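Each remark here refers to the structure printed beneath this line.
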Amino acid sequence: MSKKKKTLIVIGVLLVTLLSFVGGRVYSKYFARVKGEGIAQVATWNFKVNGQEEQVQTINLQSAYNNATLIENKIAPGTNGNFEIVVDATGSDVGINYTIDFRNEQNKPTNLKFIYNNKEYNSITELTQVLSGTINSDEENKRKTFPIQWKWEYETGKTNDEIVANDRIDTQDAKNISNYTFDVIVSGTQVSPNV
């Protein structure tokens, strides 16, 4: 190859390189890249019932009675007591709709009654209708306590005939019932932000 041809090839390669560099700079002159980050903090969810997140402790009616009158932690006519259900959304950044539901009530003594807010109920499942509400996200106190009383009167009725009839019912219940049970289901759901 001649010297002239070699020089032309080298000049050609240099021109192509120079043009691609200059051309690239011209095109990139109008190109800009701005980098940023997307950030969103996720609201905290916290919902506890009686201090537990997943399972409610057993509600034990026989925990409040007079030991001198009963044997082996059993309830009977003339006993009474109370228990509490505590719904706690402390630490949650969102509002919570809660419901306290009692299901599968079985073997309830007929004359056993429940009291909530000074109103008497014949069955624990009747309380389901009144134990629901909302804890708003901006409330200062996000803890709700529901004190529930129970009683099984020693004598039930106003007249002598009613008392005798209810004594028979209590006696029959004592013969047929060994365990009174019900399920407690407490649910918490985030309040819809569109409301």
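Residue numbers start at 1 in each chain; chains themselves are named A, B, ... in the order of the structure tokens; ligands are numbered from 1 in the order shown.
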Contact table region 76-117 of chain A vs region 124-137 of chain A, cut-off 10 Å, shortest pair per residue, only C-alpha atoms, as a Markdown table:
```
| residue | atom | partner | partner_atom | distance |
| --- | --- | --- | --- | --- |
| A:Ile85 | CA | A:Leu131 | CA | 9.9 |
| A:Val87 | CA | A:Ile135 | CA | 9.3 |
| A:Asp88 | CA | A:Ile135 | CA | 8.9 |
| A:Ala89 | CA | A:Ile135 | CA | 7.3 |
| A:Thr90 | CA | A:Ser137 | CA | 9.5 |
| A:Gly91 | CA | A:Ser137 | CA | 9.6 |
| A:Ser92 | CA | A:Ser137 | CA | 7.2 |
| A:Asp93 | CA | A:Ser137 | CA | 5.8 |
| A:Val94 | CA | A:Ser137 | CA | 4.8 |
| A:Gly95 | CA | A:Ser137 | CA | 4.1 |
| A:Ile96 | CA | A:Ile135 | CA | 5.2 |
| A:Asn97 | CA | A:Thr134 | CA | 4.4 |
| A:Tyr98 | CA | A:Ser132 | CA | 5.5 |
| A:Thr99 | CA | A:Ser132 | CA | 4.3 |
| A:Ile100 | CA | A:Leu131 | CA | 5.5 |
| A:Asp101 | CA | A:Thr128 | CA | 4.9 |
| A:Phe102 | CA | A:Thr125 | CA | 5.0 |
| A:Arg103 | CA | A:Thr125 | CA | 6.3 |
| A:Asn104 | CA | A:Thr125 | CA | 8.5 |
| A:Glu105 | CA | A:Thr125 | CA | 7.1 |
| A:Lys108 | CA | A:Ile124 | CA | 9.2 |
| A:Leu112 | CA | A:Ile124 | CA | 9.6 |
| A:Lys113 | CA | A:Ile124 | CA | 8.0 |
| A:Phe114 | CA | A:Ile124 | CA | 6.5 |
| A:Ile115 | CA | A:Leu127 | CA | 9.0 |
| A:Tyr116 | CA | A:Leu127 | CA | 7.9 |
| A:Asn117 | CA | A:Val130 | CA | 9.8 |
```
If you count only C-alpha atoms, which residues fall within 9 Å of region 171-177 of chain A, apart from same-chain ones fewer than 6 positions away, as a PDB file with C-alpha atoms, in the first residue's frame?
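Generated output (out_3.pdb):
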```pdb
ATOM      1  CA  ALA A  76     -74.806 -21.470  89.711  1.00  0.00           C
ATOM      2  CA  ASN A 107     -75.807 -24.569  76.684  1.00  0.00           C
ATOM      3  CA  LYS A 108     -76.591 -21.195  78.241  1.00  0.00           C
ATOM      4  CA  PRO A 109     -78.499 -21.470  81.503  1.00  0.00           C
ATOM      5  CA  THR A 110     -81.915 -19.969  80.793  1.00  0.00           C
TER       6      THR A 110
END
```
Separating CA of Val184 (chain A) from CA of Asn141 (chain A), to the nearest tenth of an Å, is a gap of 23.7 Å
